[in-house]
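Written out below as structure tokens is the structure these notes cover.
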Amino acid sequence: MLITIDGFSSSGKSSIGNILEKSGVRVLRADDFFYPRGEAHHKLSGNFNSPFFVKEVISKLDDRDGLYYRAFDCKRQRYYIKYESYNSITVLDGSYSSTSLLDKYRNLSIFIDTSLNTRLKRLKRRGVNVEEFTSRWMKDEMDFMLKFKTYKNAVVIDGNRPINEIAKEIMDLIAKENSK
């Protein structure tokens, strides 16, 4: 089963992914599948290289020996091998993961809707350059989401509350999907 968790930067995706990992769910990070600098992007992918993800990961999700895949390190601009142990449930967390290019593989799409005010507070706590982050990453994400409305087929969750509450709601959604 493949579940995607999408939302704008600082909506809580990675924090929720960390909680899900601790509960035993296999979590893959969309950041591991971003495009190398200068590589042409598929128009429905944003910065997430979903064609590469499909080719590199989808056919291996049910491999009981676990999942080896090439992850991309954006800072170093190079690939490296990563391993995730087997789990019948795989969560892909990250911006652009709700792309329609994954629709035929995905069992459940979740979009965390978090106000700009909450996201800016979270960014400040991270200690990043907020102005640079908002003018580059947040702008790209907003443009992509508004153009393709990738959240329209997702379960939309309110991200303006404690991360543990959001994670609990998502775990309940996963359990419900898994029982089908």
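Residues are referred to by chain and number: the chain letter is A, B, ... according to the order shown in the structure tokens, the number counts from 1 in that chain, and ligands are numbered separately from 1 in the order shown.
Residues lying within 12 Å of Asp158 in chain A, counting only C-alpha atoms and ignoring same-chain neighbours fewer than 2 positions away, are A:Gly7, A:Ser11, A:Gly12, A:Ile110, A:Phe111, A:Ile112, A:Asp113, A:Thr114, A:Ser115, A:Thr118, A:Val155, A:Val156, A:Asn160, A:Arg161, A:Pro162, A:Ile163, A:Glu165, A:Ile166, A:Ala167, A:Glu169, A:Ile170.
Of the residues listed (A:Phe33, A:Tyr96, A:Phe48, A:Phe133), A:Phe33 shows the shortest atom-to-atom separation from Tyr69 in chain A; distances use only C-alpha atoms.
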Find the residue from A:Leu44, A:Ile174, A:Ile3, A:Leu101 that sits nearest to Met145 in chain A; use only C-alpha atoms when measuring.
A:Leu44
Picked from range 26-118 of chain A by DSSP as helix (DSSP H, G or I), as JSON, numbers by chain
{"A": [30, 31, 32, 33, 50, 51, 52, 53, 54, 55, 56, 58, 59, 60, 100, 101, 102, 116, 117, 118]}
Pull the strand (DSSP E) assignments for range 27-164 of chain A out of DSSP run on the backbone, and list those residues as a PyMOL selection string.
chain A and resi 27-29+67-73+78-84+90-93+108-113+155-158
Resulting file, chosen residues, C-alpha atoms, as a short mmCIF file (atom, residue, chain, number, x, y, z; two decimals), in the first residue's frame:
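New file again_5.cif:
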data_model
loop_
_atom_site.label_atom_id
_atom_site.label_comp_id
_atom_site.auth_asym_id
_atom_site.auth_seq_id
_atom_site.Cartn_x
_atom_site.Cartn_y
_atom_site.Cartn_z
CA VAL A 27 8.50 6.18 5.26
CA LEU A 28 10.21 7.41 2.13
CA ARG A 29 11.09 11.09 1.73
CA LEU A 67 13.86 -1.79 -0.61
CA TYR A 68 17.19 -0.63 -1.99
CA TYR A 69 16.99 2.50 -4.11
CA ARG A 70 19.05 5.37 -5.39
CA ALA A 71 18.35 8.49 -3.38
CA PHE A 72 19.46 11.93 -4.50
CA ASP A 73 21.38 14.28 -2.22
CA ARG A 78 24.85 13.02 -6.28
CA TYR A 79 23.02 9.72 -5.88
CA TYR A 80 23.66 7.23 -3.11
CA ILE A 81 22.12 3.87 -2.18
CA LYS A 82 19.53 3.81 0.56
CA TYR A 83 17.75 0.86 2.19
CA GLU A 84 14.35 0.61 3.86
CA THR A 90 4.78 2.70 2.56
CA VAL A 91 4.30 6.40 3.15
CA LEU A 92 5.89 8.90 0.81
CA ASP A 93 6.10 12.25 2.54
CA LEU A 108 -4.45 7.12 -0.26
CA SER A 109 -3.44 10.75 -0.74
CA ILE A 110 -3.30 13.07 2.27
CA PHE A 111 -2.78 16.82 2.08
CA ILE A 112 -1.92 18.76 5.22
CA ASP A 113 -3.48 22.22 4.98
CA VAL A 155 -8.00 13.74 2.22
CA VAL A 156 -7.33 17.26 3.48
CA ILE A 157 -6.24 17.51 7.10
CA ASP A 158 -6.03 20.64 9.24
#
Could you tell me which of A:Ile5, A:Ala40, A:Leu116, A:Asp32 comes closest to Glu56 in chain A if we count only C-alpha atoms?
A:Asp32
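Using only C-alpha atoms for every distance, the candidate list A:Arg136, A:Lys13, A:Leu20, A:Phe52 yields A:Leu20 as the residue closest to Asp172 in chain A.
Checking A:Gly159, A:Phe148, A:Ser15, A:Tyr35 one by one against Pro51 in chain A, counting only C-alpha atoms, you find the shortest gap at A:Tyr35.
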If I take CA of Gln77 in chain A and CA of Leu120 in chain A, how far is one from the other in Å, to one decimal?
27.4 Å
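Among the candidate residues A:Lys75, A:Arg119, A:Ser98, A:Lys43, the one lying nearest to Tyr151 in chain A is A:Ser98, with distances computed using only C-alpha atoms.
The interatomic distance for the pair CA of His41 in chain A and CA of Asp63 in chain A works out to 28.6 Å.
Coordinates place CA of Asn107 in chain A at a distance of 9.2 Å from CA of Asn178 in chain A.
If you count only C-alpha atoms and ignore residues fewer than 3 places along the chain from Ser95 in chain A, what sits within 7 Å of it is Asp6, Gly7, Phe8 and Ala30 of chain A.
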Please save N, CA and C atoms of the selected residues as a PDB file, in the first residue's frame.
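This went into again-v4.pdb:
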ATOM      1  N   ASP A   6       1.282  15.073   1.490  1.00  0.00           N
ATOM      2  CA  ASP A   6       1.735  16.283   0.822  1.00  0.00           C
ATOM      3  C   ASP A   6       1.288  17.497   1.636  1.00  0.00           C
ATOM      4  N   GLY A   7       1.803  18.629   1.286  1.00  0.00           N
ATOM      5  CA  GLY A   7       1.473  19.885   1.934  1.00  0.00           C
ATOM      6  C   GLY A   7       2.591  20.856   1.639  1.00  0.00           C
ATOM      7  N   PHE A   8       2.351  22.110   1.917  1.00  0.00           N
ATOM      8  CA  PHE A   8       3.373  23.113   1.672  1.00  0.00           C
ATOM      9  C   PHE A   8       4.518  22.967   2.673  1.00  0.00           C
ATOM     10  N   ALA A  30      10.200  12.368  -0.136  1.00  0.00           N
ATOM     11  CA  ALA A  30      10.197  12.894  -1.507  1.00  0.00           C
ATOM     12  C   ALA A  30      11.479  13.671  -1.788  1.00  0.00           C
TER      13      ALA A  30
END
